file final.txt (compact mmCIF, C-alpha atoms)
# COMPACT_ATOMS: atom_id res chain seq x y z
CA MET A 28 0.00 0.00 0.00
CA ARG A 29 1.21 3.51 -0.80
CA VAL A 30 0.76 5.88 2.14
CA VAL A 31 1.41 9.60 2.62
CA ALA A 32 1.83 10.40 6.32
CA LYS A 33 1.76 14.00 7.50
CA PHE A 34 3.16 14.83 10.92
CA GLY A 35 1.96 18.09 12.44
CA GLY A 36 4.06 20.40 14.54
CA THR A 37 2.80 18.99 17.84
CA SER A 38 3.61 15.42 16.77
CA LEU A 39 7.21 16.53 16.17
CA GLY A 40 7.35 18.87 19.17
CA ASN A 41 10.35 17.28 20.89
CA GLY A 42 12.89 14.50 20.55
CA ASP A 43 10.64 11.85 22.06
CA ARG A 44 7.88 12.66 19.59
CA VAL A 45 10.28 12.63 16.66
CA ASN A 46 11.38 9.16 17.80
CA ARG A 47 7.76 8.06 18.09
CA ALA A 48 7.07 9.34 14.56
CA ALA A 49 10.15 7.58 13.19
CA ASP A 50 9.14 4.31 14.90
CA SER A 51 5.69 4.40 13.27
CA ILE A 52 7.17 5.14 9.84
CA ALA A 53 9.78 2.41 10.18
CA ALA A 54 7.10 -0.10 11.24
CA ALA A 55 5.00 0.71 8.17
CA VAL A 56 8.03 0.33 5.90
CA GLU A 57 8.95 -2.96 7.59
CA ALA A 58 5.40 -4.17 6.88
CA GLY A 59 6.04 -3.65 3.17
CA HIS A 60 4.29 -0.32 2.55
CA GLU A 61 5.58 2.58 0.48
CA VAL A 62 5.58 5.64 2.72
CA THR A 63 6.01 9.30 1.85
CA VAL A 64 6.36 11.62 4.84
CA VAL A 65 5.25 15.25 4.99
CA ALA A 66 6.63 17.21 7.95
CA SER A 67 5.45 20.43 9.53
CA ALA A 68 7.77 22.70 11.47
CA MET A 69 8.54 21.29 14.92
CA GLY A 70 6.34 22.61 17.70
CA SER A 71 5.66 26.35 17.42
CA THR A 72 8.75 27.10 15.34
CA THR A 73 6.80 28.84 12.57
CA ASP A 74 5.05 31.17 15.03
CA PHE A 75 8.42 31.97 16.66
CA LEU A 76 9.99 32.81 13.31
CA LEU A 77 7.06 34.98 12.25
CA GLU A 78 7.10 36.89 15.54
CA ALA A 79 10.85 37.40 15.20
CA ILE A 80 10.39 39.27 11.91
CA SER A 81 9.87 42.67 13.53
CA PHE A 82 11.06 44.58 10.45
CA ASP A 83 9.54 45.29 7.04
CA ALA A 84 10.75 42.17 5.23
CA GLU A 85 9.98 41.46 1.59
CA GLN A 86 7.64 38.54 0.93
CA ALA A 87 10.42 36.45 -0.61
CA ASP A 88 12.61 36.96 2.46
CA ARG A 89 9.72 36.13 4.81
CA ALA A 90 9.09 32.87 2.94
CA GLU A 91 12.75 31.90 3.16
CA ILE A 92 12.88 32.63 6.90
CA VAL A 93 9.64 30.81 7.70
CA SER A 94 10.76 27.81 5.62
CA MET A 95 13.51 27.06 8.15
CA GLY A 96 11.04 25.34 10.47
CA GLU A 97 10.06 22.71 7.93
CA ARG A 98 13.63 22.42 6.63
CA THR A 99 14.81 21.52 10.13
CA ALA A 100 11.96 19.06 10.68
CA VAL A 101 12.70 17.00 7.56
CA ARG A 102 16.37 16.74 8.50
CA MET A 103 15.45 15.56 11.99
CA LEU A 104 13.09 12.91 10.66
CA LYS A 105 15.51 11.78 7.97
CA ALA A 106 18.24 11.32 10.59
CA ALA A 107 15.88 9.48 12.96
CA LEU A 108 14.86 7.11 10.17
CA ALA A 109 18.48 6.54 9.15
CA ALA A 110 19.16 5.51 12.77
CA ARG A 111 16.52 2.81 12.21
CA ASP A 112 18.17 1.61 8.99
CA VAL A 113 15.47 3.19 6.81
CA ASP A 114 16.69 4.70 3.53
CA ALA A 115 15.12 8.18 3.84
CA ARG A 116 15.82 11.27 1.72
CA PHE A 117 14.58 14.76 2.52
CA PHE A 118 13.11 17.05 -0.12
CA GLU A 119 12.78 20.82 0.14
CA PRO A 120 12.42 23.73 -2.30
CA GLY A 121 15.56 23.98 -4.40
CA HIS A 122 15.97 20.21 -4.61
CA GLY A 123 16.12 19.00 -8.21
CA GLU A 124 13.19 16.62 -7.66
CA TRP A 125 11.09 18.98 -5.54
CA PRO A 126 7.43 18.30 -6.43
CA VAL A 127 5.22 21.29 -5.46
CA ILE A 128 5.34 24.13 -7.96
CA THR A 129 3.33 27.37 -7.94
CA ASP A 130 2.62 29.74 -10.82
CA GLU A 131 3.04 33.51 -11.06
CA ARG A 132 -0.18 34.02 -9.06
CA GLY A 133 1.09 31.87 -6.20
CA GLU A 134 -1.38 29.08 -7.00
CA VAL A 135 -0.41 25.43 -7.45
CA ASP A 136 0.61 24.63 -11.02
CA VAL A 137 -1.41 21.43 -11.31
CA ASP A 138 0.24 20.05 -14.44
CA GLU A 139 3.80 20.64 -13.26
CA THR A 140 3.12 19.43 -9.73
CA THR A 141 1.32 16.32 -10.98
CA GLY A 142 4.23 15.40 -13.23
CA ARG A 143 6.84 15.95 -10.55
CA SER A 144 4.82 14.06 -7.93
CA LYS A 145 4.42 11.06 -10.22
CA ALA A 146 8.15 11.12 -10.96
CA LEU A 147 8.89 11.13 -7.24
CA ALA A 148 6.49 8.20 -6.71
CA ASP A 149 8.17 6.23 -9.50
CA ALA A 150 11.63 6.89 -8.08
CA MET A 151 10.47 5.88 -4.60
CA SER A 152 9.07 2.59 -5.91
CA GLN A 153 12.11 1.75 -8.00
CA GLU A 154 14.78 2.70 -5.46
CA GLY A 155 12.95 1.82 -2.24
CA PHE A 156 13.53 5.03 -0.28
CA VAL A 157 11.22 7.08 1.94
CA PRO A 158 10.78 10.69 0.78
CA VAL A 159 10.56 13.16 3.68
CA VAL A 160 9.00 16.31 2.23
CA THR A 161 8.70 19.76 3.76
CA GLY A 162 5.04 20.60 4.23
CA PHE A 163 3.57 24.09 3.70
CA LEU A 164 6.34 25.10 1.28
CA ALA A 165 6.36 25.37 -2.50
CA GLN A 166 8.59 26.75 -5.22
CA ASP A 167 7.76 28.96 -8.18
CA HIS A 168 9.08 28.49 -11.70
CA ALA A 169 11.93 30.88 -10.99
CA GLY A 170 13.07 28.77 -8.04
CA ASN A 171 11.85 31.12 -5.31
CA VAL A 172 10.36 29.70 -2.10
CA THR A 173 6.60 30.19 -1.80
CA THR A 174 4.05 28.92 0.72
CA LEU A 175 0.66 27.22 0.56
CA GLY A 176 -1.02 29.32 3.25
CA ARG A 177 -2.66 28.37 6.52
CA GLY A 178 -2.86 24.59 6.96
CA GLY A 179 -0.39 24.22 4.12
CA SER A 180 1.16 21.00 5.43
CA ASP A 181 -2.24 19.28 5.30
CA THR A 182 -2.59 20.58 1.76
CA THR A 183 0.84 19.25 0.81
CA ALA A 184 -0.02 15.80 2.16
CA VAL A 185 -3.42 15.34 0.52
CA MET A 186 -2.21 16.92 -2.72
CA LEU A 187 0.77 14.55 -2.91
CA GLY A 188 -1.49 11.64 -2.02
CA ASN A 189 -3.70 12.57 -4.95
CA TYR A 190 -0.93 13.13 -7.49
CA MET A 191 1.20 10.18 -6.34
CA ASP A 192 -1.80 7.81 -6.55
CA ALA A 193 -1.57 6.96 -2.86
CA ASP A 194 -4.00 4.53 -1.29
CA GLU A 195 -4.20 6.51 1.93
CA VAL A 196 -3.20 9.81 3.50
CA VAL A 197 -2.72 9.78 7.28
CA ILE A 198 -2.83 13.10 9.14
CA VAL A 199 -0.96 12.63 12.42
CA THR A 200 -1.93 15.38 14.83
CA ASP A 201 -2.68 16.15 18.49
CA VAL A 202 -6.36 15.14 18.47
CA GLU A 203 -8.02 11.73 18.45
CA GLY A 204 -9.40 12.23 14.97
CA VAL A 205 -12.65 14.16 14.62
CA MET A 206 -14.48 14.44 17.94
CA THR A 207 -18.20 14.80 18.67
CA GLY A 208 -17.30 18.09 20.39
CA ASP A 209 -14.38 20.01 21.82
CA PRO A 210 -13.13 17.70 24.61
CA THR A 211 -11.85 20.72 26.55
CA VAL A 212 -15.40 22.06 26.70
CA VAL A 213 -17.80 19.14 26.27
CA GLU A 214 -17.79 16.32 28.80
CA GLY A 215 -17.91 12.88 27.21
CA ALA A 216 -16.70 13.97 23.76
CA ARG A 217 -15.73 10.90 21.73
CA ASN A 218 -14.08 10.04 18.46
CA VAL A 219 -16.14 9.96 15.28
CA GLY A 220 -15.15 6.86 13.33
CA GLU A 221 -16.26 8.16 9.93
CA ILE A 222 -17.18 11.57 8.53
CA THR A 223 -17.79 12.85 5.01
CA VAL A 224 -15.71 15.48 3.27
CA ASP A 225 -18.72 17.80 3.12
CA GLU A 226 -19.40 17.45 6.84
CA LEU A 227 -15.78 18.08 7.78
CA ARG A 228 -15.44 20.99 5.37
CA ASN A 229 -18.40 22.73 6.99
CA LEU A 230 -16.95 22.10 10.46
CA SER A 231 -13.52 23.34 9.37
CA PHE A 232 -14.89 26.61 8.05
CA ARG A 233 -16.73 27.12 11.33
CA GLY A 234 -13.66 26.68 13.51
CA ALA A 235 -12.88 22.96 13.82
CA GLU A 236 -9.09 22.62 13.50
CA VAL A 237 -8.68 19.03 12.33
CA VAL A 238 -7.78 19.10 8.63
CA ALA A 239 -7.27 22.34 6.73
CA PRO A 240 -10.20 23.06 4.37
CA SER A 241 -7.77 23.71 1.51
CA ALA A 242 -6.45 20.15 1.82
CA LEU A 243 -9.85 18.48 1.46
CA ALA A 244 -10.17 19.85 -2.08
CA TYR A 245 -7.53 17.34 -3.19
CA LYS A 246 -9.19 14.27 -1.73
CA THR A 247 -10.46 11.73 -4.29
CA GLU A 248 -13.16 9.10 -3.88
CA GLY A 249 -10.68 6.23 -4.09
CA MET A 250 -8.10 7.64 -1.68
CA ASP A 251 -8.64 7.22 2.05
CA VAL A 252 -7.80 10.09 4.39
CA ARG A 253 -7.51 9.33 8.08
CA VAL A 254 -6.76 11.48 11.15
CA VAL A 255 -4.91 9.86 14.08
CA HIS A 256 -3.33 11.02 17.34
CA TYR A 257 0.48 11.07 17.45
CA GLN A 258 0.43 8.90 20.58
CA HIS A 259 -1.38 6.14 18.68
CA GLY A 260 1.89 4.91 17.19
CA ASP A 261 0.31 2.99 14.28
CA LEU A 262 0.01 4.71 10.90
CA LEU A 263 -2.19 1.98 9.48
CA ALA A 264 -5.15 1.84 11.90
CA GLY A 265 -7.42 3.89 14.16
CA GLY A 266 -8.57 7.47 14.08
CA THR A 267 -11.29 8.99 11.92
CA HIS A 268 -11.84 8.05 8.27
CA ILE A 269 -12.82 10.92 5.96
CA GLU A 270 -15.08 9.65 3.19
CA GLY A 271 -16.08 10.82 -0.27
CA GLN A 272 -14.88 13.77 -2.33
CA PHE A 273 -16.14 17.19 -3.28
CA GLU A 274 -18.37 17.50 -6.31
CA ASN A 275 -18.87 20.87 -7.92
CA LEU A 276 -22.56 20.98 -8.79
CA ILE A 277 -25.19 23.52 -9.73
CA ASP A 278 -28.57 21.90 -9.35
CA LEU A 279 -32.24 22.73 -9.07
CA ARG A 280 -34.14 21.14 -6.21
CA ASP A 281 -36.99 18.93 -7.34
CA GLY A 282 -40.41 20.09 -6.21
CA ARG A 283 -41.95 23.36 -5.15
CA LEU A 284 -41.03 25.00 -1.88
CA SER A 285 -43.04 27.23 0.40
CA CYS A 286 -41.53 29.62 2.90
CA ILE A 287 -43.32 30.13 6.18
CA THR A 288 -42.29 33.22 8.10
CA ILE A 289 -43.04 33.72 11.78
CA ALA A 290 -42.74 37.27 13.07
CA GLY A 291 -42.01 38.19 16.64
CA ARG A 292 -40.41 40.86 18.76
CA ALA A 293 -36.62 40.38 18.78
CA VAL A 294 -37.00 36.61 18.28
CA ARG A 295 -33.29 36.26 17.61
CA ASN A 296 -32.68 37.18 21.23
CA GLN A 297 -35.29 34.78 22.63
CA PRO A 298 -33.75 31.45 23.79
CA GLY A 299 -35.76 28.38 22.78
CA VAL A 300 -37.98 30.02 20.16
CA LEU A 301 -36.44 28.14 17.23
CA SER A 302 -36.84 24.85 19.10
CA ASP A 303 -40.44 25.66 20.00
CA LEU A 304 -41.20 26.22 16.32
CA SER A 305 -39.24 23.38 14.72
CA ALA A 306 -40.07 20.62 17.23
CA PRO A 307 -43.80 20.37 16.33
CA LEU A 308 -42.88 20.25 12.63
CA SER A 309 -40.56 17.35 13.36
CA GLU A 310 -43.29 15.57 15.33
CA ALA A 311 -45.56 15.91 12.30
CA ASP A 312 -42.80 14.42 10.08
CA ILE A 313 -42.46 17.67 8.10
CA ASN A 314 -38.94 18.11 6.75
CA ILE A 315 -37.34 21.56 6.88
CA ASP A 316 -35.26 22.19 3.77
CA ALA A 317 -33.64 25.40 5.04
CA VAL A 318 -33.94 28.05 7.74
CA SER A 319 -33.13 31.75 7.73
CA SER A 320 -33.68 34.37 10.41
CA GLY A 321 -33.75 38.09 11.02
CA MET A 322 -33.98 40.10 14.20
CA ASP A 323 -37.79 39.92 14.16
CA SER A 324 -38.55 36.82 12.10
CA ILE A 325 -37.71 33.18 11.42
CA THR A 326 -38.37 31.58 8.02
CA PHE A 327 -38.70 27.86 7.28
CA TYR A 328 -38.45 26.50 3.73
CA LEU A 329 -40.32 23.22 3.21
CA ASP A 330 -42.24 21.18 0.65
CA ALA A 331 -45.17 23.16 -0.70
CA ALA A 332 -47.42 20.10 -0.32
CA ARG A 333 -47.04 20.31 3.48
CA ALA A 334 -47.28 24.09 3.74
CA GLU A 335 -50.92 24.31 4.85
CA GLU A 336 -50.38 21.70 7.56
CA ALA A 337 -47.20 23.41 8.69
CA GLU A 338 -48.91 26.80 8.82
CA THR A 339 -51.60 25.39 11.13
CA ILE A 340 -48.97 23.85 13.42
CA LEU A 341 -46.93 27.04 13.57
CA HIS A 342 -50.00 29.16 14.14
CA ASP A 343 -50.67 27.18 17.31
CA ALA A 344 -47.17 28.11 18.48
CA VAL A 345 -47.75 31.77 17.61
CA VAL A 346 -50.88 32.06 19.73
CA THR A 347 -49.13 30.26 22.59
CA GLU A 348 -45.86 32.19 22.62
CA GLU A 349 -46.12 35.76 23.87
CA VAL A 350 -43.13 36.99 21.83
CA LEU A 351 -44.61 35.76 18.53
CA SER A 352 -47.12 37.84 16.63
CA SER A 353 -48.03 36.29 13.26
CA VAL A 354 -47.31 33.62 10.64
CA THR A 355 -47.52 33.95 6.87
CA VAL A 356 -46.86 31.70 3.85
CA ASN A 357 -45.27 32.46 0.50
CA ASP A 358 -45.87 29.62 -1.98
CA ASP A 359 -44.30 28.59 -5.27
CA LEU A 360 -40.59 29.02 -4.63
CA ALA A 361 -37.60 27.10 -5.97
CA VAL A 362 -33.96 26.85 -4.90
CA VAL A 363 -30.84 26.58 -7.05
CA ARG A 364 -27.81 25.35 -5.10
CA VAL A 365 -24.18 25.86 -6.01
CA THR A 366 -22.09 23.22 -4.26
CA GLY A 367 -18.35 22.84 -4.34
CA ASP A 368 -14.94 23.25 -2.78
CA GLY A 369 -15.47 26.11 -0.36
CA LEU A 370 -17.23 28.29 -2.91
CA PRO A 371 -19.04 30.44 -0.35
CA THR A 372 -15.74 31.43 1.25
CA GLU A 373 -14.10 32.51 -2.01
CA PRO A 374 -14.37 36.27 -2.55
CA GLY A 375 -17.08 37.20 -5.05
CA THR A 376 -18.84 33.82 -5.25
CA ILE A 377 -22.26 35.05 -4.12
CA TYR A 378 -21.88 38.22 -6.17
CA ARG A 379 -21.15 36.19 -9.32
CA ALA A 380 -24.13 33.91 -8.68
CA LEU A 381 -26.58 36.78 -8.17
CA THR A 382 -25.36 39.27 -10.78
CA PRO A 383 -26.95 37.58 -13.86
CA LEU A 384 -30.23 37.19 -11.95
CA ALA A 385 -30.27 40.91 -11.16
CA GLU A 386 -29.37 41.82 -14.72
CA ASN A 387 -32.33 39.75 -15.94
CA ARG A 388 -34.61 41.21 -13.24
CA LEU A 389 -35.31 37.91 -11.49
CA THR A 390 -36.44 38.24 -7.89
CA VAL A 391 -34.20 36.57 -5.31
CA HIS A 392 -36.16 35.81 -2.14
CA ASP A 393 -33.26 34.56 -0.04
CA VAL A 394 -29.63 33.43 -0.13
CA ILE A 395 -28.43 30.86 2.41
CA SER A 396 -24.81 29.64 2.48
CA SER A 397 -22.68 27.10 4.30
CA GLY A 398 -19.03 26.11 4.03
CA THR A 399 -19.74 24.09 0.88
CA SER A 400 -22.84 25.51 -0.80
CA VAL A 401 -24.88 28.57 -1.68
CA GLY A 402 -28.68 28.26 -1.99
CA VAL A 403 -30.49 30.88 -4.08
CA PHE A 404 -34.27 31.00 -3.59
CA VAL A 405 -36.32 32.30 -6.53
CA ASP A 406 -39.90 32.23 -7.85
CA TRP A 407 -41.01 28.81 -9.07
CA ASP A 408 -41.79 30.16 -12.55
CA ASP A 409 -38.25 31.57 -12.81
CA ARG A 410 -36.50 28.37 -11.77
CA GLU A 411 -35.29 27.16 -15.18
CA GLU A 412 -34.04 30.58 -16.22
CA ALA A 413 -32.32 31.03 -12.87
CA LEU A 414 -30.63 27.64 -13.23
CA GLU A 415 -29.37 28.47 -16.74
CA LEU A 416 -28.10 31.89 -15.67
CA ILE A 417 -26.20 30.54 -12.65
CA GLN A 418 -24.80 27.67 -14.75
CA SER A 419 -23.38 30.27 -17.14
CA VAL A 420 -21.21 31.69 -14.34
CA GLU A 421 -17.61 30.55 -13.91
CA PHE A 422 -17.02 29.63 -10.27

call {"tool": "encode", "arguments": {"input": "final.txt", "output": "structure tokens"}}
result
Amino acid sequence: MRVVAKFGGTSLGNGDRVNRAADSIAAAVEAGHEVTVVASAMGSTTDFLLEAISFDAEQADRAEIVSMGERTAVRMLKAALAARDVDARFFEPGHGEWPVITDERGEVDVDETTGRSKALADAMSQEGFVPVVTGFLAQDHAGNVTTLGRGGSDTTAVMLGNYMDADEVVIVTDVEGVMTGDPTVVEGARNVGEITVDELRNLSFRGAEVVAPSALAYKTEGMDVRVVHYQHGDLLAGGTHIEGQFENLIDLRDGRLSCITIAGRAVRNQPGVLSDLSAPLSEADINIDAVSSGMDSITFYLDAARAEEAETILHDAVVTEEVLSSVTVNDDLAVVRVTGDGLPTEPGTIYRALTPLAENRLTVHDVISSGTSVGVFVDWDDREEALELIQSVEF
């Protein structure tokens, strides 16, 4: 099996942890697996280096300085593996076989990086060595050091796994995979054995620091990605499996929607109101497609066929709750959803989706976004035109 193993800064934070990492790599190699290692800077080295730059340094100089953390880490791991009789070779920007290349805009040159990654994989297979690659760093066509941004070591690992046709990418970090909640806050938080790319992407954009969102874009359906704790000691088992891959889609939801809006005085500041409204809908087996809220209103989007029933249920809540004043229904709506690799977080995505609708004077009733999708709610009669217009946009 071909494995790319990424070791985060915490997992290389001291000599004992470097030894633990080297032991796990050596064990995987001994078991007959091809292993490529991606190393982050040890501990908080990168933060220390950045804080030490107290002068107005040029971007190229900053990249060179910051790169020293990863450059040190790969040398440490290479030496630790050599002490275990593992043929390991470190790779950093400037090396003749360095794989990660960026273009003049600082973005990954996919063709060049793919070719170099495949060449590295072939050399590894033929010569039987373990590549130890600096994470986070890249190199432009002129040979200058560049970086892949926040979470760049995760990106390096999953990208190389993709382009080297790896069977699995293992992210070795300081958490027990993906947890049901923050264990420092939530009592009884436990490991999640499996999670989808879409689920994790949404969590990552809302603050969960497990795998960098930029890395998940490179995951393929056939390549496993797994997150394990550095204390686990086994690269080949345990942790959380990340399933699936991103699909960039623009699709029209089947069936008419109705939106039911409940007005009330400062409902956003009233604890329990949303639960009081949604719970009776759930008890009636009415699915809520989407929810939006304002300071004085909450809107549910649901199947038009259940709208009358839902209105009756919600009206009962309105007359019971003192803070609620009225409920109203708007029928015959449709939603076009743009789904993909972090589209809502890319500057201008929502603007590009809405501009052709505005230019063609189509009414947009609502826009609801998450870490992986944007939903645009329009009149039912405008649905096909809205779909065509949004499909004409380059995202």

call {"tool": "residues_near_point", "arguments": {"input": "final.txt", "point": "(-7.1, 12.6, 15.1)", "cutoff": "10 Å", "atoms": "only C-alpha atoms", "output": "CSV table (one decimal) with C-alpha atoms, keeping the file's coordinate frame"}}
result
chain,number,residue,atom,x,y,z
A,197,VAL,CA,-2.7,9.8,7.3
A,198,ILE,CA,-2.8,13.1,9.1
A,199,VAL,CA,-1.0,12.6,12.4
A,200,THR,CA,-1.9,15.4,14.8
A,201,ASP,CA,-2.7,16.2,18.5
A,202,VAL,CA,-6.4,15.1,18.5
A,203,GLU,CA,-8.0,11.7,18.4
A,204,GLY,CA,-9.4,12.2,15.0
A,205,VAL,CA,-12.6,14.2,14.6
A,206,MET,CA,-14.5,14.4,17.9
A,218,ASN,CA,-14.1,10.0,18.5
A,219,VAL,CA,-16.1,10.0,15.3
A,237,VAL,CA,-8.7,19.0,12.3
A,238,VAL,CA,-7.8,19.1,8.6
A,253,ARG,CA,-7.5,9.3,8.1
A,254,VAL,CA,-6.8,11.5,11.2
A,255,VAL,CA,-4.9,9.9,14.1
A,256,HIS,CA,-3.3,11.0,17.3
A,257,TYR,CA,0.5,11.1,17.4
A,259,HIS,CA,-1.4,6.1,18.7
A,265,GLY,CA,-7.4,3.9,14.2
A,266,GLY,CA,-8.6,7.5,14.1
A,267,THR,CA,-11.3,9.0,11.9
A,268,HIS,CA,-11.8,8.0,8.3

call {"tool": "closest_residue", "arguments": {"input": "final.txt", "among": "A:Ile340, A:Ile325, A:Val56, A:Ala290", "to": "Val354 of chain A", "atoms": "all atoms listed in the file"}}
result
A:Ala290

call {"tool": "residues_around", "arguments": {"input": "final.txt", "residues": "Leu279 of chain A", "least_positions_apart": "2", "cutoff": "12 Å", "atoms": "only C-alpha atoms", "output": "tab-separated table (two decimals) with C-alpha atoms, in the coordinates of the input"}}
result
chain	number	residue	atom	x	y	z
A	276	LEU	CA	-22.56	20.98	-8.79
A	277	ILE	CA	-25.19	23.52	-9.73
A	281	ASP	CA	-36.99	18.93	-7.34
A	282	GLY	CA	-40.41	20.09	-6.21
A	283	ARG	CA	-41.95	23.36	-5.15
A	284	LEU	CA	-41.03	25.00	-1.88
A	360	LEU	CA	-40.59	29.02	-4.63
A	361	ALA	CA	-37.60	27.10	-5.97
A	362	VAL	CA	-33.96	26.85	-4.90
A	363	VAL	CA	-30.84	26.58	-7.05
A	364	ARG	CA	-27.81	25.35	-5.10
A	365	VAL	CA	-24.18	25.86	-6.01
A	366	THR	CA	-22.09	23.22	-4.26
A	401	VAL	CA	-24.88	28.57	-1.68
A	402	GLY	CA	-28.68	28.26	-1.99
A	403	VAL	CA	-30.49	30.88	-4.08
A	404	PHE	CA	-34.27	31.00	-3.59
A	405	VAL	CA	-36.32	32.30	-6.53
A	407	TRP	CA	-41.01	28.81	-9.07
A	409	ASP	CA	-38.25	31.57	-12.81
A	410	ARG	CA	-36.50	28.37	-11.77
A	411	GLU	CA	-35.29	27.16	-15.18
A	412	GLU	CA	-34.04	30.58	-16.22
A	413	ALA	CA	-32.32	31.03	-12.87
A	414	LEU	CA	-30.63	27.64	-13.23
A	415	GLU	CA	-29.37	28.47	-16.74
A	417	ILE	CA	-26.20	30.54	-12.65
A	418	GLN	CA	-24.80	27.67	-14.75

call {"tool": "residues_around", "arguments": {"input": "final.txt", "residues": "segment 71-86 of chain A", "least_positions_apart": "5", "cutoff": "8 Å", "atoms": "all atoms listed in the file", "output": "list in words"}}
result
Gly36, Thr37, Gly40, Ile92, Val93 and Gly96 of chain A

call {"tool": "residues_around", "arguments": {"input": "final.txt", "residues": "Val345 of chain A", "least_positions_apart": "5", "cutoff": "9 Å", "atoms": "all atoms listed in the file", "output": "PyMOL selection string"}}
result
chain A and resi 289-291+304+350-354

call {"tool": "residues_around", "arguments": {"input": "final.txt", "residues": "Ser305 of chain A", "least_positions_apart": "3", "cutoff": "12 Å", "atoms": "only C-alpha atoms", "output": "JSON, numbers by chain"}}
result
{"A": [287, 289, 299, 300, 301, 302, 308, 309, 310, 311, 312, 313, 314, 315, 316, 317, 318, 325, 326, 327, 328, 329, 337, 338, 340, 341, 344]}

call {"tool": "write_last_selection", "arguments": {"input": "final.txt", "atoms": "C-alpha atoms", "output": "PDB file, in the coordinates of the input"}}
result
ATOM      1  CA  ILE A 287     -43.320  30.130   6.180  1.00  0.00           C
ATOM      2  CA  ILE A 289     -43.040  33.720  11.780  1.00  0.00           C
ATOM      3  CA  GLY A 299     -35.760  28.380  22.780  1.00  0.00           C
ATOM      4  CA  VAL A 300     -37.980  30.020  20.160  1.00  0.00           C
ATOM      5  CA  LEU A 301     -36.440  28.140  17.230  1.00  0.00           C
ATOM      6  CA  SER A 302     -36.840  24.850  19.100  1.00  0.00           C
ATOM      7  CA  LEU A 308     -42.880  20.250  12.630  1.00  0.00           C
ATOM      8  CA  SER A 309     -40.560  17.350  13.360  1.00  0.00           C
ATOM      9  CA  GLU A 310     -43.290  15.570  15.330  1.00  0.00           C
ATOM     10  CA  ALA A 311     -45.560  15.910  12.300  1.00  0.00           C
ATOM     11  CA  ASP A 312     -42.800  14.420  10.080  1.00  0.00           C
ATOM     12  CA  ILE A 313     -42.460  17.670   8.100  1.00  0.00           C
ATOM     13  CA  ASN A 314     -38.940  18.110   6.750  1.00  0.00           C
ATOM     14  CA  ILE A 315     -37.340  21.560   6.880  1.00  0.00           C
ATOM     15  CA  ASP A 316     -35.260  22.190   3.770  1.00  0.00           C
ATOM     16  CA  ALA A 317     -33.640  25.400   5.040  1.00  0.00           C
ATOM     17  CA  VAL A 318     -33.940  28.050   7.740  1.00  0.00           C
ATOM     18  CA  ILE A 325     -37.710  33.180  11.420  1.00  0.00           C
ATOM     19  CA  THR A 326     -38.370  31.580   8.020  1.00  0.00           C
ATOM     20  CA  PHE A 327     -38.700  27.860   7.280  1.00  0.00           C
ATOM     21  CA  TYR A 328     -38.450  26.500   3.730  1.00  0.00           C
ATOM     22  CA  LEU A 329     -40.320  23.220   3.210  1.00  0.00           C
ATOM     23  CA  ALA A 337     -47.200  23.410   8.690  1.00  0.00           C
ATOM     24  CA  GLU A 338     -48.910  26.800   8.820  1.00  0.00           C
ATOM     25  CA  ILE A 340     -48.970  23.850  13.420  1.00  0.00           C
ATOM     26  CA  LEU A 341     -46.930  27.040  13.570  1.00  0.00           C
ATOM     27  CA  ALA A 344     -47.170  28.110  18.480  1.00  0.00           C
TER      28      ALA A 344
END

call {"tool": "atom_distance", "arguments": {"input": "final.txt", "atom1": "atom CA of Val294 of chain A", "atom2": "atom CA of Asp323 of chain A"}}
result
5.3 Å

call {"tool": "closest_residue", "arguments": {"input": "final.txt", "among": "A:Ser324, A:Asn46, A:Ser94, A:Ser397", "to": "Ala106 of chain A", "atoms": "all atoms listed in the file"}}
result
A:Asn46

call {"tool": "residues_around", "arguments": {"input": "final.txt", "residues": "Asp225 of chain A", "least_positions_apart": "3", "cutoff": "8 Å", "atoms": "only C-alpha atoms", "output": "PyMOL selection string"}}
result
chain A and resi 228-229+272-273+399
